[in-house]
$ cat run.cif   # mmCIF, N, CA and C atoms
data_my_file
loop_
_atom_site.label_atom_id
_atom_site.label_comp_id
_atom_site.auth_asym_id
_atom_site.auth_seq_id
_atom_site.Cartn_x
_atom_site.Cartn_y
_atom_site.Cartn_z
N MET A 1 0.85 -1.18 0.00
CA MET A 1 0.00 0.00 0.00
C MET A 1 0.89 1.24 0.00
N SER A 2 0.35 2.31 -0.48
CA SER A 2 1.07 3.57 -0.50
C SER A 2 0.34 4.58 0.37
N CYS A 3 1.09 5.23 1.22
CA CYS A 3 0.50 6.21 2.13
C CYS A 3 -0.16 7.36 1.39
N LEU A 4 0.32 7.71 0.21
CA LEU A 4 -0.30 8.80 -0.55
C LEU A 4 -1.75 8.45 -0.89
N TYR A 5 -1.99 7.27 -1.40
CA TYR A 5 -3.34 6.85 -1.78
C TYR A 5 -4.24 6.73 -0.55
N ILE A 6 -3.69 6.27 0.54
CA ILE A 6 -4.46 6.16 1.78
C ILE A 6 -4.84 7.54 2.28
N ALA A 7 -3.90 8.47 2.27
CA ALA A 7 -4.16 9.83 2.75
C ALA A 7 -5.22 10.52 1.91
N ILE A 8 -5.10 10.43 0.59
CA ILE A 8 -6.10 11.03 -0.29
C ILE A 8 -7.45 10.35 -0.10
N GLY A 9 -7.44 9.03 -0.01
CA GLY A 9 -8.67 8.27 0.20
C GLY A 9 -9.38 8.65 1.49
N ASN A 10 -8.60 8.86 2.57
CA ASN A 10 -9.20 9.26 3.84
C ASN A 10 -9.92 10.59 3.72
N LEU A 11 -9.33 11.53 3.00
CA LEU A 11 -9.95 12.85 2.85
C LEU A 11 -11.16 12.83 1.91
N LEU A 12 -11.10 12.00 0.88
CA LEU A 12 -12.22 11.92 -0.08
C LEU A 12 -13.25 10.88 0.31
N LYS A 13 -12.96 10.11 1.34
CA LYS A 13 -13.85 9.02 1.79
C LYS A 13 -14.04 7.98 0.69
N ILE A 14 -12.91 7.64 0.04
CA ILE A 14 -12.88 6.64 -1.02
C ILE A 14 -11.77 5.64 -0.68
N ASN A 15 -12.00 4.37 -0.92
CA ASN A 15 -11.01 3.34 -0.66
C ASN A 15 -9.72 3.62 -1.41
N HIS A 16 -8.59 3.45 -0.75
CA HIS A 16 -7.29 3.75 -1.35
C HIS A 16 -7.02 2.93 -2.61
N ARG A 17 -7.56 1.73 -2.71
CA ARG A 17 -7.37 0.94 -3.92
C ARG A 17 -8.08 1.58 -5.11
N GLU A 18 -9.26 2.14 -4.86
CA GLU A 18 -9.99 2.84 -5.91
C GLU A 18 -9.27 4.14 -6.31
N ILE A 19 -8.70 4.82 -5.34
CA ILE A 19 -7.92 6.03 -5.63
C ILE A 19 -6.77 5.69 -6.57
N ARG A 20 -6.02 4.64 -6.23
CA ARG A 20 -4.89 4.23 -7.06
C ARG A 20 -5.36 3.84 -8.46
N GLN A 21 -6.43 3.07 -8.55
CA GLN A 21 -6.96 2.61 -9.84
C GLN A 21 -7.35 3.79 -10.73
N LYS A 22 -8.08 4.75 -10.15
CA LYS A 22 -8.53 5.90 -10.95
C LYS A 22 -7.36 6.75 -11.42
N ILE A 23 -6.36 6.92 -10.56
CA ILE A 23 -5.19 7.71 -10.95
C ILE A 23 -4.43 6.99 -12.06
N CYS A 24 -4.23 5.70 -11.93
CA CYS A 24 -3.53 4.93 -12.96
C CYS A 24 -4.30 4.93 -14.28
N ASP A 25 -5.61 4.81 -14.20
CA ASP A 25 -6.43 4.89 -15.42
C ASP A 25 -6.28 6.26 -16.08
N TYR A 26 -6.27 7.31 -15.27
CA TYR A 26 -6.11 8.67 -15.78
C TYR A 26 -4.77 8.82 -16.49
N LEU A 27 -3.71 8.31 -15.86
CA LEU A 27 -2.38 8.38 -16.46
C LEU A 27 -2.31 7.58 -17.76
N SER A 28 -2.92 6.42 -17.77
CA SER A 28 -2.92 5.57 -18.97
C SER A 28 -3.63 6.22 -20.14
N ALA A 29 -4.66 7.02 -19.84
CA ALA A 29 -5.46 7.65 -20.89
C ALA A 29 -4.75 8.83 -21.54
N GLY A 30 -3.63 9.26 -20.99
CA GLY A 30 -2.87 10.37 -21.58
C GLY A 30 -3.52 11.72 -21.39
N ASN A 31 -4.27 11.88 -20.32
CA ASN A 31 -4.95 13.15 -20.04
C ASN A 31 -3.97 14.26 -19.68
N ASN A 32 -4.51 15.47 -19.60
CA ASN A 32 -3.74 16.63 -19.21
C ASN A 32 -3.28 16.49 -17.76
N LEU A 33 -2.02 16.73 -17.49
CA LEU A 33 -1.51 16.66 -16.12
C LEU A 33 -1.48 18.06 -15.51
N ILE A 34 -0.79 18.96 -16.16
CA ILE A 34 -0.82 20.37 -15.80
C ILE A 34 -0.93 21.14 -17.12
N ASP A 35 -1.25 22.40 -17.05
CA ASP A 35 -1.40 23.18 -18.28
C ASP A 35 -0.17 23.03 -19.16
N GLY A 36 -0.39 22.60 -20.39
CA GLY A 36 0.69 22.45 -21.36
C GLY A 36 1.49 21.17 -21.24
N LEU A 37 1.11 20.28 -20.33
CA LEU A 37 1.85 19.03 -20.15
C LEU A 37 0.87 17.89 -19.96
N GLU A 38 0.93 16.95 -20.88
CA GLU A 38 0.05 15.77 -20.80
C GLU A 38 0.81 14.63 -20.14
N THR A 39 0.05 13.67 -19.62
CA THR A 39 0.70 12.55 -18.94
C THR A 39 1.63 11.79 -19.87
N LYS A 40 1.28 11.70 -21.16
CA LYS A 40 2.16 10.95 -22.08
C LYS A 40 3.54 11.59 -22.17
N ASP A 41 3.60 12.92 -22.03
CA ASP A 41 4.89 13.60 -22.07
C ASP A 41 5.76 13.20 -20.88
N ILE A 42 5.18 13.17 -19.70
CA ILE A 42 5.91 12.79 -18.49
C ILE A 42 6.28 11.32 -18.54
N LEU A 43 5.34 10.48 -18.92
CA LEU A 43 5.59 9.03 -18.90
C LEU A 43 6.64 8.62 -19.93
N ASN A 44 6.76 9.36 -21.03
CA ASN A 44 7.82 9.07 -22.00
C ASN A 44 9.19 9.35 -21.39
N ILE A 45 9.25 10.35 -20.54
CA ILE A 45 10.50 10.67 -19.86
C ILE A 45 10.79 9.65 -18.77
N GLU A 46 9.78 9.29 -18.01
CA GLU A 46 9.94 8.42 -16.86
C GLU A 46 10.29 6.97 -17.24
N ASP A 47 9.31 6.26 -17.72
CA ASP A 47 9.49 4.83 -17.93
C ASP A 47 8.28 4.29 -18.69
N LYS A 48 8.51 3.42 -19.65
CA LYS A 48 7.40 2.83 -20.42
C LYS A 48 6.48 2.01 -19.53
N ASN A 49 7.01 1.47 -18.44
CA ASN A 49 6.23 0.63 -17.53
C ASN A 49 5.74 1.39 -16.31
N TYR A 50 5.77 2.71 -16.37
CA TYR A 50 5.46 3.54 -15.19
C TYR A 50 4.09 3.19 -14.61
N VAL A 51 3.05 3.23 -15.43
CA VAL A 51 1.70 2.99 -14.92
C VAL A 51 1.55 1.55 -14.46
N LYS A 52 2.11 0.62 -15.21
CA LYS A 52 2.07 -0.79 -14.80
C LYS A 52 2.67 -0.96 -13.41
N ASN A 53 3.80 -0.33 -13.19
CA ASN A 53 4.44 -0.41 -11.87
C ASN A 53 3.62 0.32 -10.81
N MET A 54 3.01 1.44 -11.18
CA MET A 54 2.22 2.22 -10.22
C MET A 54 0.97 1.47 -9.80
N ARG A 55 0.47 0.56 -10.61
CA ARG A 55 -0.72 -0.22 -10.23
C ARG A 55 -0.42 -1.21 -9.10
N ARG A 56 0.84 -1.51 -8.87
CA ARG A 56 1.21 -2.42 -7.77
C ARG A 56 0.98 -1.72 -6.43
N GLN A 57 0.36 -2.43 -5.51
CA GLN A 57 0.05 -1.86 -4.20
C GLN A 57 1.30 -1.41 -3.44
N SER A 58 2.44 -1.98 -3.77
CA SER A 58 3.68 -1.65 -3.04
C SER A 58 4.41 -0.44 -3.61
N THR A 59 3.95 0.09 -4.75
CA THR A 59 4.64 1.23 -5.37
C THR A 59 4.15 2.54 -4.77
N TRP A 60 5.08 3.38 -4.39
CA TRP A 60 4.77 4.67 -3.79
C TRP A 60 4.34 5.67 -4.85
N GLY A 61 3.38 6.49 -4.52
CA GLY A 61 2.96 7.57 -5.40
C GLY A 61 3.68 8.85 -5.04
N GLY A 62 3.66 9.81 -5.97
CA GLY A 62 4.33 11.08 -5.73
C GLY A 62 3.68 12.22 -6.50
N ALA A 63 4.49 13.16 -6.94
CA ALA A 63 3.99 14.40 -7.55
C ALA A 63 3.12 14.14 -8.79
N ILE A 64 3.50 13.19 -9.61
CA ILE A 64 2.70 12.90 -10.81
C ILE A 64 1.30 12.44 -10.42
N GLU A 65 1.23 11.59 -9.44
CA GLU A 65 -0.07 11.07 -9.00
C GLU A 65 -0.89 12.15 -8.29
N ILE A 66 -0.22 13.03 -7.56
CA ILE A 66 -0.93 14.14 -6.90
C ILE A 66 -1.54 15.06 -7.96
N ALA A 67 -0.77 15.38 -8.98
CA ALA A 67 -1.28 16.24 -10.06
C ALA A 67 -2.47 15.57 -10.76
N ALA A 68 -2.40 14.27 -10.99
CA ALA A 68 -3.52 13.55 -11.61
C ALA A 68 -4.75 13.59 -10.71
N ALA A 69 -4.55 13.38 -9.41
CA ALA A 69 -5.67 13.41 -8.46
C ALA A 69 -6.37 14.76 -8.48
N CYS A 70 -5.61 15.84 -8.59
CA CYS A 70 -6.21 17.19 -8.66
C CYS A 70 -7.18 17.29 -9.82
N ASN A 71 -6.79 16.72 -10.96
CA ASN A 71 -7.63 16.79 -12.15
C ASN A 71 -8.82 15.85 -12.08
N ILE A 72 -8.64 14.71 -11.50
CA ILE A 72 -9.74 13.73 -11.41
C ILE A 72 -10.85 14.25 -10.50
N TRP A 73 -10.46 14.77 -9.32
CA TRP A 73 -11.44 15.18 -8.32
C TRP A 73 -11.62 16.69 -8.24
N ASN A 74 -11.12 17.45 -9.25
CA ASN A 74 -11.25 18.92 -9.28
C ASN A 74 -10.90 19.54 -7.93
N CYS A 75 -9.74 19.18 -7.44
CA CYS A 75 -9.35 19.68 -6.12
C CYS A 75 -7.94 20.27 -6.15
N LYS A 76 -7.70 21.14 -5.23
CA LYS A 76 -6.36 21.65 -4.97
C LYS A 76 -5.80 20.79 -3.85
N ILE A 77 -4.55 20.38 -3.97
CA ILE A 77 -3.92 19.60 -2.92
C ILE A 77 -2.70 20.37 -2.42
N ASN A 78 -2.74 20.71 -1.14
CA ASN A 78 -1.62 21.37 -0.48
C ASN A 78 -0.80 20.32 0.25
N ILE A 79 0.48 20.32 0.01
CA ILE A 79 1.39 19.39 0.69
C ILE A 79 2.23 20.21 1.67
N ILE A 80 2.11 19.90 2.94
CA ILE A 80 2.93 20.56 3.96
C ILE A 80 4.21 19.74 4.11
N ASN A 81 5.32 20.33 3.71
CA ASN A 81 6.62 19.67 3.82
C ASN A 81 7.16 19.95 5.21
N ILE A 82 7.02 18.99 6.12
CA ILE A 82 7.41 19.22 7.51
C ILE A 82 8.92 19.08 7.72
N ARG A 83 9.66 18.77 6.66
CA ARG A 83 11.12 18.69 6.78
C ARG A 83 11.76 20.07 6.81
N GLU A 84 11.04 21.08 6.35
CA GLU A 84 11.59 22.43 6.29
C GLU A 84 10.99 23.29 7.38
N ARG A 85 11.80 24.18 7.92
CA ARG A 85 11.35 25.14 8.93
C ARG A 85 11.53 26.54 8.41
N PRO A 86 10.53 27.38 8.33
CA PRO A 86 9.14 27.00 8.60
C PRO A 86 8.64 26.02 7.55
N ASN A 87 7.60 25.31 7.89
CA ASN A 87 7.06 24.31 6.97
C ASN A 87 6.70 24.95 5.63
N LYS A 88 7.19 24.36 4.58
CA LYS A 88 6.91 24.85 3.23
C LYS A 88 5.64 24.16 2.73
N ILE A 89 4.78 24.92 2.06
CA ILE A 89 3.57 24.34 1.47
C ILE A 89 3.74 24.30 -0.04
N ILE A 90 3.59 23.11 -0.60
CA ILE A 90 3.66 22.90 -2.04
C ILE A 90 2.22 22.77 -2.52
N GLU A 91 1.84 23.60 -3.48
CA GLU A 91 0.46 23.61 -3.97
C GLU A 91 0.36 22.90 -5.32
N PHE A 92 -0.59 22.01 -5.42
CA PHE A 92 -0.93 21.34 -6.68
C PHE A 92 -2.35 21.78 -7.03
N ASN A 93 -2.53 22.28 -8.24
CA ASN A 93 -3.83 22.75 -8.69
C ASN A 93 -4.29 21.95 -9.90
N PRO A 94 -5.61 21.79 -10.04
CA PRO A 94 -6.12 21.09 -11.23
C PRO A 94 -5.96 21.98 -12.46
N SER A 95 -5.98 21.37 -13.61
CA SER A 95 -5.88 22.14 -14.85
C SER A 95 -7.23 22.73 -15.26
N VAL A 96 -8.27 22.46 -14.49
CA VAL A 96 -9.59 23.06 -14.73
C VAL A 96 -9.72 24.32 -13.90
N SER A 97 -10.65 25.17 -14.25
CA SER A 97 -10.78 26.45 -13.55
C SER A 97 -11.58 26.36 -12.25
N VAL A 98 -12.35 25.30 -12.08
CA VAL A 98 -13.20 25.18 -10.90
C VAL A 98 -12.57 24.21 -9.90
N ILE A 99 -12.29 24.73 -8.72
CA ILE A 99 -11.78 23.89 -7.64
C ILE A 99 -12.94 23.60 -6.70
N GLU A 100 -13.28 22.32 -6.57
CA GLU A 100 -14.43 21.94 -5.75
C GLU A 100 -14.07 21.71 -4.29
N LYS A 101 -12.80 21.39 -4.03
CA LYS A 101 -12.39 21.14 -2.65
C LYS A 101 -10.88 21.33 -2.54
N ILE A 102 -10.43 21.51 -1.31
CA ILE A 102 -9.00 21.63 -1.03
C ILE A 102 -8.63 20.52 -0.05
N LEU A 103 -7.62 19.73 -0.42
CA LEU A 103 -7.12 18.66 0.43
C LEU A 103 -5.75 19.08 0.95
N THR A 104 -5.45 18.71 2.18
CA THR A 104 -4.14 19.02 2.75
C THR A 104 -3.51 17.73 3.27
N LEU A 105 -2.26 17.53 2.86
CA LEU A 105 -1.48 16.38 3.29
C LEU A 105 -0.18 16.86 3.92
N LYS A 106 0.34 16.07 4.84
CA LYS A 106 1.68 16.32 5.39
C LYS A 106 2.64 15.34 4.73
N TRP A 107 3.85 15.80 4.47
CA TRP A 107 4.88 14.96 3.87
C TRP A 107 6.15 15.06 4.68
N THR A 108 6.70 13.91 5.06
CA THR A 108 7.92 13.88 5.87
C THR A 108 9.16 13.71 5.02
N GLY A 109 8.98 13.54 3.73
CA GLY A 109 10.09 13.21 2.85
C GLY A 109 10.00 11.76 2.41
N SER A 110 9.28 10.96 3.19
CA SER A 110 9.09 9.56 2.83
C SER A 110 7.70 9.04 3.20
N HIS A 111 6.85 9.90 3.75
CA HIS A 111 5.53 9.44 4.19
C HIS A 111 4.52 10.58 4.10
N TYR A 112 3.32 10.26 3.56
CA TYR A 112 2.20 11.20 3.49
C TYR A 112 1.15 10.82 4.53
N THR A 113 0.58 11.83 5.18
CA THR A 113 -0.59 11.64 6.02
C THR A 113 -1.59 12.74 5.71
N HIS A 114 -2.86 12.46 5.94
CA HIS A 114 -3.87 13.47 5.66
C HIS A 114 -3.99 14.43 6.85
N VAL A 115 -4.44 15.64 6.56
CA VAL A 115 -4.67 16.65 7.57
C VAL A 115 -6.13 17.05 7.48
N ASN A 116 -6.85 16.93 8.58
CA ASN A 116 -8.24 17.38 8.60
C ASN A 116 -8.26 18.86 8.93
N ILE A 117 -8.81 19.64 8.02
CA ILE A 117 -8.93 21.09 8.22
C ILE A 117 -10.41 21.39 8.41
N SER A 118 -10.73 22.06 9.47
CA SER A 118 -12.15 22.40 9.71
C SER A 118 -12.49 23.73 9.12
#
$ encode --input "run.cif" --output "structure tokens"
Amino acid sequence: MSCLYIAIGNLLKINHREIRQKICDYLSAGNNLIDGLETKDILNIEDKNYVKNMRRQSTWGGAIEIAAACNIWNCKINIINIRERPNKIIEFNPSVSVIEKILTLKWTGSHYTHVNIS
């Protein structure tokens, strides 16, 4: 399992396996990742087997998957990097103009956890 998928799933109230599946399907379809950059562009740089490997429950997700999640669920995802003082916030935005929700995750450099914001 990957903590990224679990953290996103906890905030969206969706099973982490479904989160991983939808993100991998999105990447496979060659959709827009960020403005001016499609997933096929990134995956050509990364690895031909990138999505196949990402479908494995033991493979960790990262920035590419966070960007895909933003587009799938029309959400902004803020990553609090707790390794830096003061904590640095990395913002991921969907490529659509409407943001329906904002998710916040903490990142230790090797682990993601969700943050409940009231």
$ closest_residue --input "run.cif" --among "A:Leu12, A:Thr113, A:Pro94, A:Lys106" --to "Ile34 of chain A" --atoms "all atoms listed in the file"
A:Pro94
$ residues_around --input "run.cif" --residues "segment 54-61 of chain A" --least-positions-apart "6" --cutoff "10 Å" --atoms "only C-alpha atoms" --output "ChimeraX atom specification"
/A:1-5,16-17,20-25,27,110-112
$ closest_residue --input "run.cif" --among "A:Asn49, A:Asn74, A:Asn32, A:Thr108" --to "Lys88 of chain A" --atoms "only C-alpha atoms"
A:Thr108
$ select_by_dssp --input "run.cif" --residues "segment 12-92 of chain A" --states "strand (DSSP E)" --output "number ranges by chain"
A: 32-34, 37-38, 75-81, 88-92
$ select_by_dssp --input "run.cif" --residues "segment 5-95 of chain A" --states "helix (DSSP H, G or I)" --output "ChimeraX atom specification"
/A:5-12,16-28,39-46,50-54,63-72
$ resolve_selection --input "run.cif" --expression "the PyMOL selection byres ((chain A and resi 102) around 8)" --output "JSON, numbers by chain"
{"A": [74, 75, 76, 77, 78, 99, 100, 101, 103, 104, 105]}
$ closest_residue --input "run.cif" --among "A:Ser28, A:Ile89, A:Ile79, A:Ile66" --to "Lys48 of chain A" --atoms "only C-alpha atoms"
A:Ser28
$ atom_distance --input "run.cif" --atom1 "atom CA of Arg83 of chain A" --atom2 "atom CA of Trp107 of chain A"
7.8 Å
$ atom_distance --input "run.cif" --atom1 "atom CA of Ile42 of chain A" --atom2 "atom C of Phe92 of chain A"
16.7 Å
$ closest_residue --input "run.cif" --among "A:Asn53, A:Gly109, A:Ile64, A:Asn15" --to "Asn81 of chain A" --atoms "all atoms listed in the file"
A:Gly109
$ atom_distance --input "run.cif" --atom1 "atom CA of Leu43 of chain A" --atom2 "atom C of Asn31 of chain A"
10.9 Å
